[in-house]
file protein.txt (compact mmCIF, C-alpha atoms)
# COMPACT_ATOMS: atom_id res chain seq x y z
CA MET A 8 -18.58 -66.76 -1.25
CA PRO A 9 -19.67 -63.09 -1.03
CA SER A 10 -23.08 -62.23 -2.41
CA LEU A 11 -23.44 -60.09 -5.52
CA HIS A 12 -24.92 -57.31 -3.36
CA LYS A 13 -21.86 -57.20 -1.10
CA LEU A 14 -19.53 -57.06 -4.08
CA LEU A 15 -21.45 -54.12 -5.53
CA VAL A 16 -21.26 -52.25 -2.22
CA LEU A 17 -17.51 -52.79 -1.98
CA ALA A 18 -16.97 -51.69 -5.57
CA THR A 19 -18.97 -48.51 -4.99
CA ALA A 20 -17.08 -47.63 -1.79
CA THR A 21 -13.73 -47.73 -3.54
CA VAL A 22 -14.70 -44.82 -5.82
CA GLY A 23 -15.91 -42.69 -2.94
CA ALA A 24 -19.70 -42.81 -3.17
CA PHE A 25 -21.92 -41.20 -0.52
CA ALA A 26 -25.51 -42.33 -0.16
CA ALA A 27 -28.39 -40.01 0.68
CA SER A 28 -28.31 -41.10 4.31
CA ASP A 29 -24.74 -39.81 4.55
CA CYS A 30 -25.58 -36.22 3.49
CA THR A 31 -25.96 -35.04 7.09
CA ASP A 32 -22.92 -36.91 8.43
CA ASP A 33 -19.41 -35.46 8.16
CA ILE A 34 -17.68 -36.66 5.01
CA THR A 35 -14.02 -37.37 4.27
CA ILE A 36 -13.21 -37.47 0.57
CA ASP A 37 -10.61 -40.13 -0.18
CA SER A 38 -11.19 -40.51 -3.91
CA VAL A 39 -10.38 -38.09 -6.72
CA ASN A 40 -13.79 -38.79 -8.29
CA PRO A 41 -16.28 -38.97 -5.42
CA THR A 42 -19.97 -39.34 -6.22
CA PHE A 43 -22.86 -37.97 -4.18
CA ASP A 44 -26.58 -38.76 -4.18
CA CYS A 45 -27.49 -35.35 -2.71
CA ASP A 46 -27.67 -31.88 -4.20
CA THR A 47 -27.20 -30.44 -0.70
CA ILE A 48 -24.62 -31.74 1.76
CA ASP A 49 -25.56 -30.62 5.28
CA ALA A 50 -22.26 -31.73 6.81
CA LYS A 51 -18.60 -30.83 7.03
CA VAL A 52 -16.64 -32.04 4.02
CA THR A 53 -12.92 -32.74 4.43
CA VAL A 54 -10.43 -33.91 1.84
CA SER A 55 -8.20 -36.67 3.14
CA PRO A 56 -4.57 -35.54 3.56
CA SER A 57 -3.49 -38.68 1.71
CA LEU A 58 -5.43 -37.88 -1.46
CA SER A 59 -3.23 -37.59 -4.55
CA GLY A 60 -3.90 -36.25 -8.04
CA SER A 61 -6.74 -34.06 -9.33
CA LEU A 62 -9.96 -33.88 -7.31
CA GLN A 63 -13.16 -33.57 -9.37
CA ILE A 64 -16.42 -32.93 -7.47
CA ASP A 65 -19.58 -33.24 -9.56
CA GLY A 66 -23.17 -33.46 -8.37
CA PRO A 67 -23.61 -31.43 -5.18
CA LYS A 68 -24.74 -27.84 -5.55
CA VAL A 69 -24.50 -26.83 -1.89
CA PHE A 70 -22.08 -27.59 0.92
CA LYS A 71 -23.94 -26.09 3.87
CA LYS A 72 -20.99 -26.36 6.24
CA ASP A 73 -17.19 -26.23 5.95
CA PHE A 74 -15.17 -27.55 3.02
CA ILE A 75 -11.64 -28.17 4.28
CA VAL A 76 -8.53 -29.06 2.30
CA SER A 77 -5.52 -29.18 4.62
CA ASN A 78 -2.07 -30.78 4.50
CA THR A 79 -2.77 -32.52 1.20
CA SER A 80 0.82 -32.65 0.04
CA ASN A 81 0.11 -34.58 -3.18
CA LEU A 82 -3.12 -32.93 -4.32
CA LEU A 83 -2.67 -31.23 -7.71
CA SER A 84 -6.01 -29.55 -8.43
CA ILE A 85 -9.60 -29.07 -7.26
CA SER A 86 -12.49 -28.65 -9.68
CA SER A 87 -16.26 -28.82 -9.74
CA SER A 88 -18.89 -28.19 -12.41
CA SER A 89 -21.80 -28.21 -9.93
CA LEU A 90 -20.88 -26.59 -6.60
CA GLN A 91 -22.60 -23.20 -6.21
CA THR A 92 -22.56 -22.42 -2.50
CA ILE A 93 -20.33 -23.15 0.50
CA GLY A 94 -22.23 -22.14 3.63
CA GLY A 95 -19.28 -22.50 6.00
CA GLU A 96 -15.57 -21.95 5.49
CA PHE A 97 -13.78 -22.96 2.31
CA ARG A 98 -10.29 -23.45 3.67
CA VAL A 99 -7.35 -24.63 1.58
CA GLU A 100 -3.98 -24.65 3.29
CA ASP A 101 -0.59 -26.33 3.23
CA ALA A 102 -1.10 -28.03 -0.13
CA GLY A 103 2.35 -27.70 -1.59
CA LEU A 104 1.64 -29.09 -5.09
CA LEU A 105 -1.84 -27.63 -5.58
CA SER A 106 -1.73 -25.44 -8.69
CA SER A 107 -5.36 -25.02 -9.76
CA ILE A 108 -8.79 -24.40 -8.19
CA GLN A 109 -11.65 -24.25 -10.70
CA LEU A 110 -15.17 -24.08 -9.24
CA GLN A 111 -17.11 -23.04 -12.30
CA LYS A 112 -20.50 -22.47 -10.64
CA LEU A 113 -19.43 -21.10 -7.25
CA THR A 114 -20.98 -17.71 -6.34
CA LYS A 115 -21.47 -17.79 -2.55
CA ILE A 116 -19.04 -18.52 0.29
CA ASN A 117 -19.32 -17.67 3.95
CA LYS A 118 -15.57 -17.59 4.59
CA LEU A 119 -12.71 -18.10 2.14
CA THR A 120 -9.24 -18.94 3.47
CA PHE A 121 -6.23 -19.76 1.27
CA GLN A 122 -2.93 -20.14 3.12
CA ARG A 123 0.54 -21.39 2.21
CA LEU A 124 -0.20 -22.54 -1.32
CA GLY A 125 3.12 -21.92 -3.00
CA GLN A 126 2.13 -23.43 -6.39
CA LEU A 127 -1.43 -22.10 -6.68
CA ASN A 128 -1.49 -19.99 -9.84
CA ASP A 129 -4.93 -20.70 -11.33
CA LEU A 130 -8.12 -19.62 -9.57
CA LYS A 131 -11.48 -19.59 -11.35
CA PHE A 132 -15.01 -19.24 -10.03
CA SER A 133 -18.32 -18.74 -11.88
CA ALA A 134 -18.56 -16.35 -14.82
CA SER A 135 -19.98 -13.68 -12.50
CA GLY A 136 -17.41 -14.46 -9.80
CA VAL A 137 -17.94 -15.01 -6.09
CA GLU A 138 -20.53 -12.37 -5.25
CA GLN A 139 -21.06 -13.10 -1.55
CA ALA A 140 -18.50 -13.73 1.18
CA SER A 141 -18.23 -12.42 4.71
CA SER A 142 -14.49 -12.98 5.07
CA VAL A 143 -11.65 -13.52 2.58
CA GLU A 144 -8.01 -14.29 3.38
CA ILE A 145 -5.48 -15.05 0.67
CA THR A 146 -1.95 -15.47 1.99
CA ASP A 147 1.28 -16.94 0.62
CA THR A 148 0.08 -18.12 -2.79
CA PHE A 149 1.47 -17.98 -6.34
CA LEU A 150 -1.64 -16.19 -7.65
CA SER A 151 -1.31 -13.25 -10.02
CA ASP A 152 -5.07 -12.76 -10.55
CA ILE A 153 -7.92 -12.76 -8.04
CA SER A 154 -10.49 -11.11 -10.29
CA GLY A 155 -12.89 -13.98 -9.53
CA LEU A 156 -13.77 -12.12 -6.32
CA ASN A 157 -16.67 -9.87 -7.27
CA LEU A 158 -17.86 -8.69 -3.88
CA ALA A 159 -19.93 -5.59 -3.11
CA THR A 160 -19.68 -5.98 0.67
CA VAL A 161 -17.25 -7.88 2.87
CA ASP A 162 -16.44 -7.95 6.57
CA THR A 163 -12.74 -8.76 6.34
CA LEU A 164 -10.55 -8.84 3.25
CA SER A 165 -6.92 -9.76 3.90
CA ILE A 166 -4.51 -10.25 0.99
CA ASN A 167 -0.89 -10.75 2.00
CA ASN A 168 2.43 -12.12 0.77
CA ASN A 169 1.28 -13.05 -2.73
CA LYS A 170 4.44 -12.03 -4.58
CA ARG A 171 3.03 -12.36 -8.11
CA LEU A 172 -0.06 -10.27 -7.36
CA THR A 173 0.60 -6.77 -8.72
CA MET A 174 -2.94 -5.64 -9.53
CA PHE A 175 -6.18 -5.73 -7.56
CA ASN A 176 -9.36 -4.28 -9.06
CA SER A 177 -12.53 -4.58 -7.03
CA ASN A 178 -16.13 -3.34 -7.08
CA LEU A 179 -16.32 -3.32 -3.29
CA VAL A 180 -18.68 -0.69 -1.89
CA ASN A 181 -18.50 -1.42 1.83
CA ILE A 182 -15.89 -2.99 4.13
CA THR A 183 -17.44 -3.59 7.54
CA THR A 184 -14.35 -4.69 9.49
CA VAL A 185 -10.96 -4.33 7.81
CA LEU A 186 -9.08 -4.36 4.51
CA VAL A 187 -5.45 -5.46 4.83
CA LEU A 188 -3.11 -5.42 1.82
CA THR A 189 0.51 -6.10 2.73
CA ASN A 190 3.66 -7.37 1.05
CA ASN A 191 2.21 -8.57 -2.22
CA GLY A 192 3.90 -8.07 -5.60
CA ASN A 193 6.24 -5.14 -6.14
CA ASP A 194 4.46 -1.99 -7.29
CA MET A 195 1.01 -3.41 -6.55
CA GLN A 196 -1.76 -1.19 -7.88
CA VAL A 197 -5.09 -1.24 -6.06
CA ASN A 198 -8.26 0.15 -7.63
CA LEU A 199 -11.31 0.36 -5.37
CA THR A 200 -13.27 2.77 -7.51
CA GLU A 201 -16.68 1.94 -6.00
CA LEU A 202 -15.66 1.89 -2.34
CA GLU A 203 -17.75 4.32 -0.27
CA THR A 204 -17.35 3.23 3.36
CA ALA A 205 -14.80 1.18 5.29
CA GLN A 206 -14.19 0.39 8.91
CA GLU A 207 -10.43 0.22 8.53
CA ILE A 208 -7.85 0.13 5.73
CA GLN A 209 -4.23 -0.95 6.23
CA VAL A 210 -1.82 -1.04 3.29
CA SER A 211 1.88 -1.82 2.96
CA ASN A 212 4.13 -2.25 -0.08
CA ILE A 213 1.68 -0.91 -2.65
CA LYS A 214 2.39 1.56 -5.45
CA SER A 215 -1.06 3.12 -5.65
CA LEU A 216 -4.49 3.07 -4.04
CA ASP A 217 -7.43 4.57 -5.93
CA THR A 218 -10.52 5.32 -3.79
CA PRO A 219 -12.33 8.20 -5.55
CA ALA A 220 -15.76 7.41 -4.03
CA LEU A 221 -14.62 6.90 -0.44
CA LYS A 222 -16.67 9.06 1.94
CA THR A 223 -16.31 7.56 5.40
CA ILE A 224 -13.71 5.63 7.40
CA ARG A 225 -15.25 4.46 10.66
CA ASN A 226 -11.92 3.61 12.28
CA SER A 227 -8.51 4.10 10.65
CA LEU A 228 -6.68 4.64 7.39
CA ARG A 229 -3.05 3.50 7.60
CA PHE A 230 -0.23 3.61 5.06
CA GLU A 231 2.97 2.13 6.48
CA THR A 232 6.13 1.23 4.54
CA ASN A 233 5.08 1.66 0.93
CA PRO A 234 8.44 2.26 -0.80
CA ASN A 235 6.96 3.18 -4.20
CA LEU A 236 3.81 5.05 -3.18
CA GLU A 237 4.06 8.60 -4.56
CA THR A 238 0.65 10.16 -3.92
CA TYR A 239 -2.69 9.42 -2.32
CA GLU A 240 -5.92 11.35 -2.68
CA ALA A 241 -9.24 10.80 -0.92
CA GLY A 242 -11.24 13.46 -2.71
CA ASN A 243 -14.61 12.70 -1.11
CA LEU A 244 -13.60 11.54 2.36
CA THR A 245 -15.24 13.75 5.00
CA SER A 246 -14.64 11.94 8.30
CA VAL A 247 -12.40 9.33 9.92
CA GLY A 248 -13.37 7.52 13.11
CA THR A 249 -16.18 8.08 15.59
CA SER A 250 -16.41 10.02 18.83
CA LYS A 251 -16.96 6.73 20.69
CA ASN A 252 -14.15 4.62 19.19
CA GLY A 253 -11.70 7.16 17.81
CA GLY A 254 -9.88 6.58 14.54
CA SER A 255 -6.67 7.65 12.83
CA VAL A 256 -4.97 8.67 9.61
CA SER A 257 -1.31 7.69 9.35
CA PHE A 258 1.42 7.86 6.73
CA ILE A 259 4.63 6.33 8.08
CA ASN A 260 7.83 5.40 6.27
CA ASN A 261 6.78 5.92 2.65
CA ALA A 262 10.06 6.79 0.93
CA LYS A 263 8.73 8.25 -2.35
CA LEU A 264 5.55 9.86 -1.06
CA THR A 265 5.38 13.50 -2.15
CA ASN A 266 1.77 14.45 -1.53
CA VAL A 267 -1.39 13.43 0.31
CA SER A 268 -4.68 15.16 -0.39
CA PHE A 269 -7.88 15.14 1.68
CA PRO A 270 -9.71 18.22 0.36
CA LEU A 271 -13.04 17.57 2.14
CA LEU A 272 -11.87 15.90 5.36
CA THR A 273 -13.10 17.85 8.40
CA THR A 274 -12.84 15.40 11.32
CA ILE A 275 -10.32 12.82 12.52
CA SER A 276 -11.66 11.41 15.78
CA GLY A 277 -8.26 9.99 16.67
CA ASP A 278 -4.74 10.90 15.56
CA LEU A 279 -3.12 12.33 12.45
CA THR A 280 0.40 11.00 11.93
CA ILE A 281 2.63 11.94 9.00
CA VAL A 282 6.22 10.93 9.72
CA ASN A 283 9.33 9.65 7.93
CA ASN A 284 8.08 10.42 4.43
CA THR A 285 11.28 12.12 3.34
CA LYS A 286 10.07 13.37 -0.06
CA ILE A 287 7.22 15.45 1.37
CA ASN A 288 8.26 19.10 1.25
CA GLU A 289 4.96 20.61 2.30
CA ILE A 290 2.00 19.28 4.29
CA ASP A 291 -0.95 21.11 2.83
CA GLY A 292 -3.44 18.37 1.95
CA PHE A 293 -5.92 19.03 4.78
CA PRO A 294 -7.47 22.41 3.92
CA GLN A 295 -10.80 21.70 5.71
CA LEU A 296 -9.57 19.75 8.73
CA LYS A 297 -11.12 21.19 11.89
CA SER A 298 -10.89 18.54 14.56
CA VAL A 299 -8.28 15.95 15.59
CA GLU A 300 -7.34 14.18 18.82
CA ASN A 301 -3.52 14.35 18.50
CA MET A 302 -1.14 15.30 15.74
CA LEU A 303 2.40 14.15 14.92
CA LEU A 304 4.14 15.66 11.89
CA GLY A 305 7.76 14.63 11.43
CA GLY A 306 10.17 14.63 8.50
CA GLU A 307 12.07 17.00 6.24
CA PHE A 308 9.19 19.26 5.18
CA GLU A 309 9.52 23.04 5.03
CA ASP A 310 5.92 24.04 5.58
CA ALA A 311 2.70 22.74 7.14
CA LYS A 312 -0.69 24.35 6.66
CA LEU A 313 -3.91 23.51 8.47
CA PRO A 314 -5.91 26.72 8.07
CA LYS A 315 -9.24 25.50 9.50
CA LEU A 316 -7.90 23.67 12.56
CA ASP A 317 -9.90 24.71 15.64
CA ASP A 318 -10.17 21.70 17.98
CA VAL A 319 -7.24 19.55 19.16
CA LYS A 320 -8.12 17.61 22.28
CA GLY A 321 -4.61 16.32 22.91
CA THR A 322 -1.07 17.22 21.83
CA ILE A 323 0.53 18.62 18.70
CA ASN A 324 4.08 17.49 17.89
CA VAL A 325 5.80 19.01 14.84
CA LYS A 326 9.46 18.37 13.98
CA SER A 327 11.58 18.69 10.86
CA THR A 328 15.13 18.98 9.58
CA SER A 329 14.05 22.24 7.91
CA ASN A 330 13.67 25.69 9.44
CA LEU A 331 10.15 25.89 10.89
CA THR A 332 10.10 29.43 12.28
CA ASP A 333 6.81 30.40 10.64
CA VAL A 334 5.27 26.95 11.10
CA CYS A 335 6.08 26.91 14.82
CA LYS A 336 4.75 30.44 15.18
CA PHE A 337 1.42 29.24 13.80
CA PHE A 338 1.17 26.13 15.98
CA ASN A 339 2.39 27.84 19.14
CA GLY A 340 -0.33 30.42 18.56
CA LEU A 341 -2.92 27.67 19.03
CA LYS A 342 -1.89 26.96 22.63
CA GLY A 343 -4.71 27.33 25.10
CA LYS A 344 -7.15 28.25 22.36
CA VAL A 345 -7.44 25.41 19.89
CA VAL A 346 -5.10 22.88 21.54
CA GLN A 347 -6.13 21.50 24.92
CA GLY A 348 -2.81 19.73 25.47
CA LYS A 349 0.74 20.84 24.69
CA VAL A 350 2.30 22.12 21.50
CA ASN A 351 5.81 20.94 20.71
CA CYS A 352 7.37 22.31 17.54
CA GLN A 353 11.00 22.36 16.40
CA GLY A 354 12.93 22.63 13.17
CA GLY A 355 16.57 22.21 12.35
CA LEU A 356 16.71 18.72 13.83
CA ASP A 357 18.89 15.85 12.68
CA LYS A 358 17.21 13.34 10.34
CA GLU A 359 16.96 10.58 12.91
CA THR A 360 15.12 12.76 15.41
CA ALA A 361 12.91 14.45 12.82
CA ASN A 362 11.79 11.13 11.29
CA ASP A 363 11.33 9.19 14.51
CA GLN A 364 7.82 7.85 15.03
CA HIS A 365 7.67 9.16 18.59
CA GLY A 366 6.66 12.60 19.70
CA LEU A 367 9.07 15.42 20.40
CA ASN A 368 10.96 15.23 23.67
CA LYS A 369 13.44 17.92 24.73
CA THR A 370 15.76 18.39 21.77
CA SER A 371 18.37 20.83 20.53
CA GLY A 372 16.51 22.21 17.55
CA LYS A 373 17.42 25.57 16.08
CA ASN A 374 13.99 27.16 16.17
CA GLY A 375 10.51 26.77 17.56
CA ASP A 376 9.34 25.82 21.01
CA SER A 377 9.63 22.38 22.51
CA GLY A 378 7.06 23.17 25.17
CA ALA A 379 7.43 22.42 28.86
CA GLY A 380 8.48 19.06 30.14
CA SER A 381 9.05 15.85 28.27
CA VAL A 382 6.15 14.80 26.06
CA THR A 383 5.75 11.88 23.69
CA PHE A 384 2.98 11.34 21.21
CA SER A 385 0.29 9.43 23.03
CA THR A 386 -0.47 6.89 20.33
CA ALA A 387 2.95 6.10 18.95
CA ALA A 388 2.73 2.60 20.37
CA ILE A 389 -0.41 1.99 18.34
CA PHE A 390 1.34 2.70 15.09
CA LEU A 391 4.45 0.76 16.03
CA GLY A 392 2.12 -2.18 16.63
CA LEU A 393 0.49 -2.02 13.19
CA ILE A 394 2.27 -4.99 11.69
CA ALA A 395 1.67 -7.09 14.81
CA GLY A 396 -2.01 -6.18 14.65
CA ALA A 397 -2.25 -7.14 10.98
CA ALA A 398 -0.50 -10.44 11.68
CA GLN A 399 -3.24 -11.41 14.13
CA LEU A 400 -5.75 -11.27 11.29
CA LEU A 401 -3.80 -13.82 9.29

call {"tool": "encode", "arguments": {"input": "protein.txt", "output": "structure tokens"}}
result
Amino acid sequence: MPSLHKLLVLATATVGAFAASDCTDDITIDSVNPTFDCDTIDAKVTVSPSLSGSLQIDGPKVFKKDFIVSNTSNLLSISSSSLQTIGGEFRVEDAGLLSSIQLQKLTKINKLTFQRLGQLNDLKFSASGVEQASSVEITDTFLSDISGLNLATVDTLSINNNKRLTMFNSNLVNITTVLVLTNNGNDMQVNLTELETAQEIQVSNIKSLDTPALKTIRNSLRFETNPNLETYEAGNLTSVGTSKNGGSVSFINNAKLTNVSFPLLTTISGDLTIVNNTKINEIDGFPQLKSVENMLLGGEFEDAKLPKLDDVKGTINVKSTSNLTDVCKFFNGLKGKVVQGKVNCQGGLDKETANDQHGLNKTSGKNGDSGAGSVTFSTAAIFLGLIAGAAQLL
């Protein structure tokens, strides 16, 4: 007959208890109401894929390593009234029935990853929100609100394919690696009113991006395929890229875009690309731009003005369906003086040629000068690879 002690041990194990000696050994949670004897768990915590129902974690304040929830097809919710810090990655993925995550005390995460959570519609952190995280990825969820992220600085922030998410307001000041916002809800509005510096920003399928405090982009600023974006202004941005690593500004395939404005921008260390934005009639939003590596302007615009331009290390390609006699006269006048490479400028082109993302080869335009030889824009492949590059971050 089993002793009373053995019976007590067996009874405790069935509700998922973890003794103090287990707080440095990896833990698999197989009960919806696990109990812990430690405030700090210095081990990886994994939720068993077979766990069903609503997981409630009470007791621990710190998970020093990863907290992983993966392939839990019958898990409905995750909640905790005690957990404040996750020192590793908090990864939740492939949990098809998971609808709610409520971690009421959580303020610090090293890395947050939510992927393929088609029912997740409720996300709550502490009253002040998650204030520290080095990396955040939220992809393929049912979330309409991620206001619980209250970050001032982040390395990587990637928010993609969340079809109910139509608004993102953030107090971010600094993005040290990349911000990627692609294919979320229709007409997504993004307000980054405190953002001052960013390494790289890539946006697709947004209606608006507000960055009034942005001063420096250390790599690139890319707008590609935003069907409802009408305007963008970076009123305080002075430089894009670095002399060592380059950097670019690109607006490609934005059907309703009528105007871009960079009133203080003086330097683009890489390329300026504005192409296939068919509602832009005049490119005049760079009044102080002095230096750029290469330039590709293509579309249906009638005029392009860059009055302060005095250093182009590579090639200028300008093409439009409109008559560009005066525009081409200006750019051709920069040959051998401002432009170290070739100048290729033509108007009167067909729409397909004028809006193509490549540079200007020999064409049959009605005015301008195509330059000698056959020249393509040197970085077109970079921009064509934007979506592939973003996908690698996911």

call {"tool": "closest_residue", "arguments": {"input": "protein.txt", "among": "A:Gln295, A:Ser227, A:Asn176, A:Thr245", "to": "Gly155 in chain A", "atoms": "only C-alpha atoms"}}
result
A:Asn176

call {"tool": "atom_distance", "arguments": {"input": "protein.txt", "atom1": "CA of Ala159 in chain A", "atom2": "CA of Asn178 in chain A"}}
result
5.9 Å

call {"tool": "closest_residue", "arguments": {"input": "protein.txt", "among": "A:Val282, A:Leu199, A:Ile259, A:Val54", "to": "Asn212 in chain A", "atoms": "all atoms listed in the file"}}
result
A:Ile259

call {"tool": "residues_around", "arguments": {"input": "protein.txt", "residues": "Asn128 in chain A", "least_positions_apart": "2", "cutoff": "12 Å", "atoms": "only C-alpha atoms", "output": "list in words"}}
result
Leu83, Ser84, Gly103, Leu104, Leu105, Ser106, Ser107, Ile108, Gln109, Leu124, Gly125, Gln126, Leu130, Lys131, Asp147, Thr148, Phe149, Leu150, Ser151, Asp152, Ile153, Asn169, Lys170, Arg171 and Leu172 of chain A

call {"tool": "write_last_selection", "arguments": {"input": "protein.txt", "atoms": "C-alpha atoms", "output": "PDB file, in the frame of the given file"}}
result
ATOM      1  CA  LEU A  83      -2.670 -31.230  -7.710  1.00  0.00           C
ATOM      2  CA  SER A  84      -6.010 -29.550  -8.430  1.00  0.00           C
ATOM      3  CA  GLY A 103       2.350 -27.700  -1.590  1.00  0.00           C
ATOM      4  CA  LEU A 104       1.640 -29.090  -5.090  1.00  0.00           C
ATOM      5  CA  LEU A 105      -1.840 -27.630  -5.580  1.00  0.00           C
ATOM      6  CA  SER A 106      -1.730 -25.440  -8.690  1.00  0.00           C
ATOM      7  CA  SER A 107      -5.360 -25.020  -9.760  1.00  0.00           C
ATOM      8  CA  ILE A 108      -8.790 -24.400  -8.190  1.00  0.00           C
ATOM      9  CA  GLN A 109     -11.650 -24.250 -10.700  1.00  0.00           C
ATOM     10  CA  LEU A 124      -0.200 -22.540  -1.320  1.00  0.00           C
ATOM     11  CA  GLY A 125       3.120 -21.920  -3.000  1.00  0.00           C
ATOM     12  CA  GLN A 126       2.130 -23.430  -6.390  1.00  0.00           C
ATOM     13  CA  LEU A 130      -8.120 -19.620  -9.570  1.00  0.00           C
ATOM     14  CA  LYS A 131     -11.480 -19.590 -11.350  1.00  0.00           C
ATOM     15  CA  ASP A 147       1.280 -16.940   0.620  1.00  0.00           C
ATOM     16  CA  THR A 148       0.080 -18.120  -2.790  1.00  0.00           C
ATOM     17  CA  PHE A 149       1.470 -17.980  -6.340  1.00  0.00           C
ATOM     18  CA  LEU A 150      -1.640 -16.190  -7.650  1.00  0.00           C
ATOM     19  CA  SER A 151      -1.310 -13.250 -10.020  1.00  0.00           C
ATOM     20  CA  ASP A 152      -5.070 -12.760 -10.550  1.00  0.00           C
ATOM     21  CA  ILE A 153      -7.920 -12.760  -8.040  1.00  0.00           C
ATOM     22  CA  ASN A 169       1.280 -13.050  -2.730  1.00  0.00           C
ATOM     23  CA  LYS A 170       4.440 -12.030  -4.580  1.00  0.00           C
ATOM     24  CA  ARG A 171       3.030 -12.360  -8.110  1.00  0.00           C
ATOM     25  CA  LEU A 172      -0.060 -10.270  -7.360  1.00  0.00           C
TER      26      LEU A 172
END

call {"tool": "atom_distance", "arguments": {"input": "protein.txt", "atom1": "CA of Gly354 in chain A", "atom2": "CA of Asn324 in chain A"}}
result
11.3 Å

call {"tool": "atom_distance", "arguments": {"input": "protein.txt", "atom1": "CA of Thr328 in chain A", "atom2": "CA of Gly277 in chain A"}}
result
26.0 Å

call {"tool": "residues_around", "arguments": {"input": "protein.txt", "residues": "Val210 in chain A", "least_positions_apart": "4", "cutoff": "8 Å", "atoms": "only C-alpha atoms", "output": "number ranges by chain"}}
result
A: 187-189, 229-231, 233

call {"tool": "axis_aligned_box", "arguments": {"input": "protein.txt", "around": "range 279-297 of chain A", "padding_each_side": "5 Å", "output": "lines of an AutoDock Vina configuration file"}}
result
center_x = 0.1
center_y = 16.0
center_z = 6.2
size_x = 32.4
size_y = 22.8
size_z = 22.5

call {"tool": "residues_around", "arguments": {"input": "protein.txt", "residues": "Ile281 in chain A", "least_positions_apart": "5", "cutoff": "9 Å", "atoms": "only C-alpha atoms", "output": "NGL selection string"}}
result
:A and (256-260 or 290 or 302-306 or 364)

call {"tool": "closest_residue", "arguments": {"input": "protein.txt", "among": "A:Arg98, A:Ser329, A:Phe132, A:Ala241", "to": "Gly292 in chain A", "atoms": "all atoms listed in the file"}}
result
A:Ala241

call {"tool": "residues_around", "arguments": {"input": "protein.txt", "residues": "Leu202 in chain A", "least_positions_apart": "6", "cutoff": "10 Å", "atoms": "all atoms listed in the file", "output": "count of residues only"}}
result
15

call {"tool": "residues_around", "arguments": {"input": "protein.txt", "residues": "Asn235 in chain A", "least_positions_apart": "6", "cutoff": "9 Å", "atoms": "all atoms listed in the file", "output": "PyMOL selection string"}}
result
chain A and resi 193-194+212-215+261-264

call {"tool": "residues_near_point", "arguments": {"input": "protein.txt", "point": "(-10.1, -21.4, 4.7)", "cutoff": "7 Å", "atoms": "only C-alpha atoms", "output": "list in words"}}
result
Ile75, Glu96, Phe97, Arg98, Val99, Lys118, Leu119, Thr120 and Phe121 of chain A

call {"tool": "closest_residue", "arguments": {"input": "protein.txt", "among": "A:Gly136, A:Gly192, A:Gly355, A:Gly66", "to": "Leu156 in chain A", "atoms": "all atoms listed in the file"}}
result
A:Gly136

call {"tool": "closest_residue", "arguments": {"input": "protein.txt", "among": "A:Leu90, A:Glu237, A:Asn301, A:Thr285", "to": "Ser255 in chain A", "atoms": "all atoms listed in the file"}}
result
A:Asn301

call {"tool": "closest_residue", "arguments": {"input": "protein.txt", "among": "A:Ser86, A:Ser327, A:Ser57, A:Asn117", "to": "Lys72 in chain A", "atoms": "all atoms listed in the file"}}
result
A:Asn117
